[in-house]
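Chemist: Sharing a structure, written as structure tokens. Questions coming.
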Amino acid sequence: MSALKIVILFVLGLIIGTSLVYLDIELSLFTVFIIIFVISMIFYYSYYFYIMFFTKNVNVVDKFINKKNKHSYYLLLIAIVEKKYDDAERYMKKLGSVYNQTKIAIHASIQLEKKNLEEAEETILKIKNHNIRNHNLALLALLQGRWELFKKNKNQVKHAGMKYALMAEAAFIRKESVEAEKFGELAISSSAGLQKWLLVKSLEHQRNTKDRQFFF
């Protein structure tokens, strides 16, 4: 346990203890410990959800992920943005069943990037999340050159950042670099947490890639 967590627990214990004395409430030491534990978990997971879904600060997310880089899930995320697909496949195998949908979504993304389109379509249809499934179906249609189907699937995506990312990819394929950059910036500014980190880090990697085939 880090020094910061110890300090937090100490402060929580002090606050709870003082409150109980003030309210003249008698509780067993075990009960007080459970209360402190529950409050600590609420504090920790509130911070976790803030980083993963709400913060606009990419550096905060990056620092958090790199601190957790001994866990296969975070190593997988790093491998994905660096386009190290063999590493990503290896880390996916280490993840438990709780990550099944995450593994399916990432596997579909890898198949799309490798342009294994038939296999990608089969995998995409197993994705339960509405936005992620339609985002990947739109990318698939884009790679197949089916522009009307691309537009149809893009319009089914409700997340603004993901929709702008698709528009950036379409502009990139049409070699409209100014439009691609514009929609890319909109995708990033419309996203938060892990989604924003993935876009920023993927874009950083792509800009340093010689045979670049995707915007993100």
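Going by the structure tokens order, chains are called A, B, ..., each with residues numbered from 1, while ligands are numbered from 1 in the order shown.
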Hey, could you make a per-residue contact list for region 143-206 of chain A against region 134-139 of chain A with 8 Å as the cut-off, showing the nearest pair of atoms and its distance in Å to one decimal, counting only C-alpha atoms, sorted by chain and number, as a Markdown table?

Modeler:
| residue | atom | partner | partner_atom | distance |
| --- | --- | --- | --- | --- |
| A:Leu143 | CA | A:Leu139 | CA | 6.2 |
| A:Leu149 | CA | A:Ala138 | CA | 7.1 |
| A:Phe150 | CA | A:Ala138 | CA | 4.6 |
| A:Lys151 | CA | A:Ala138 | CA | 7.2 |
| A:Lys152 | CA | A:Ala138 | CA | 7.8 |
| A:Asn153 | CA | A:Ala138 | CA | 4.9 |
| A:Lys154 | CA | A:Ala138 | CA | 5.5 |
| A:Gln156 | CA | A:Asn134 | CA | 6.3 |
| A:Val157 | CA | A:Asn134 | CA | 5.9 |
| A:Met162 | CA | A:His135 | CA | 7.0 |
| A:Lys163 | CA | A:His135 | CA | 7.5 |
| A:Leu166 | CA | A:Leu139 | CA | 7.0 |

Chemist: Quick one: residues within 10 Å of Lys83 (chain A), only C-alpha atoms, excluding same-chain residues fewer than 4 positions away - as a list of chain:residue names?

Modeler: A:Leu77, A:Ile78, A:Ala79, A:Asp87, A:Ala88, A:Ile110, A:Glu113, A:Ser202, A:His205, A:Gln206

Chemist: List as a PyMOL selection string the protein and nucleic acid residues near region 48-55 of chain A, meaning an atom at most 9 Å away when only C-alpha atoms are counted, but skip any in the same chain fewer than 2 places from it.

Modeler: chain A and resi 43-46+57-58+60-61+64+191-196

Chemist: Need the shell around Gly96 (chain A): protein/DNA/RNA residues with any atom at most 12 Å away, counting only C-alpha atoms. Skip same-chain ones fewer than 5 positions apart. Format as a compact mmCIF listing (two decimals) with N, CA and C atoms, in the first residue's frame?

Modeler:
# COMPACT_ATOMS: atom_id res chain seq x y z
N HIS A 71 0.17 -5.18 -15.17
CA HIS A 71 -1.09 -5.88 -15.39
C HIS A 71 -1.30 -6.07 -16.90
N SER A 72 -1.70 -7.27 -17.31
CA SER A 72 -1.84 -7.60 -18.74
C SER A 72 -2.80 -6.67 -19.47
N TYR A 73 -3.86 -6.20 -18.79
CA TYR A 73 -4.83 -5.32 -19.44
C TYR A 73 -4.19 -4.01 -19.88
N TYR A 91 -0.95 -10.67 -24.66
CA TYR A 91 -1.53 -10.15 -23.41
C TYR A 91 -3.01 -10.49 -23.30
N GLN A 101 -15.56 -9.27 -23.62
CA GLN A 101 -16.02 -8.30 -24.61
C GLN A 101 -14.88 -7.36 -25.05
N THR A 102 -14.02 -7.01 -24.09
CA THR A 102 -12.86 -6.18 -24.42
C THR A 102 -11.96 -6.91 -25.41
N LYS A 103 -11.74 -8.20 -25.16
CA LYS A 103 -10.88 -9.00 -26.04
C LYS A 103 -11.49 -9.12 -27.44

Chemist: Tell me, in Å to one decimal, how far CA of Ala120 (chain A) is from CA of Ala108 (chain A).

Modeler: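 Going from CA of Ala120 (chain A) over to CA of Ala108 (chain A) covers 5.2 Å.
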
Chemist: What are the DSSP helix (DSSP H, G or I) residues of region 6-204 of chain A, as a ChimeraX atom specification?

Modeler: /A:6-23,29-54,58-67,72-81,85-93,97-113,117-124,130-143,147-155,160-173,177-189,193-204

Chemist: So how far away is CA of Ile65 (chain A) from CA of Leu198 (chain A), in Å?

Modeler: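 Answer for the CA of Leu198 (chain A) to CA of Ile65 (chain A) separation: 11.2 Å.
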
Chemist: Could you work out how far CA of Glu169 (chain A) lies from CA of Ser189 (chain A), giving the answer in Å with one decimal?

Modeler: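 Between CA of Ser189 (chain A) and CA of Glu169 (chain A) the gap is 16.1 Å.
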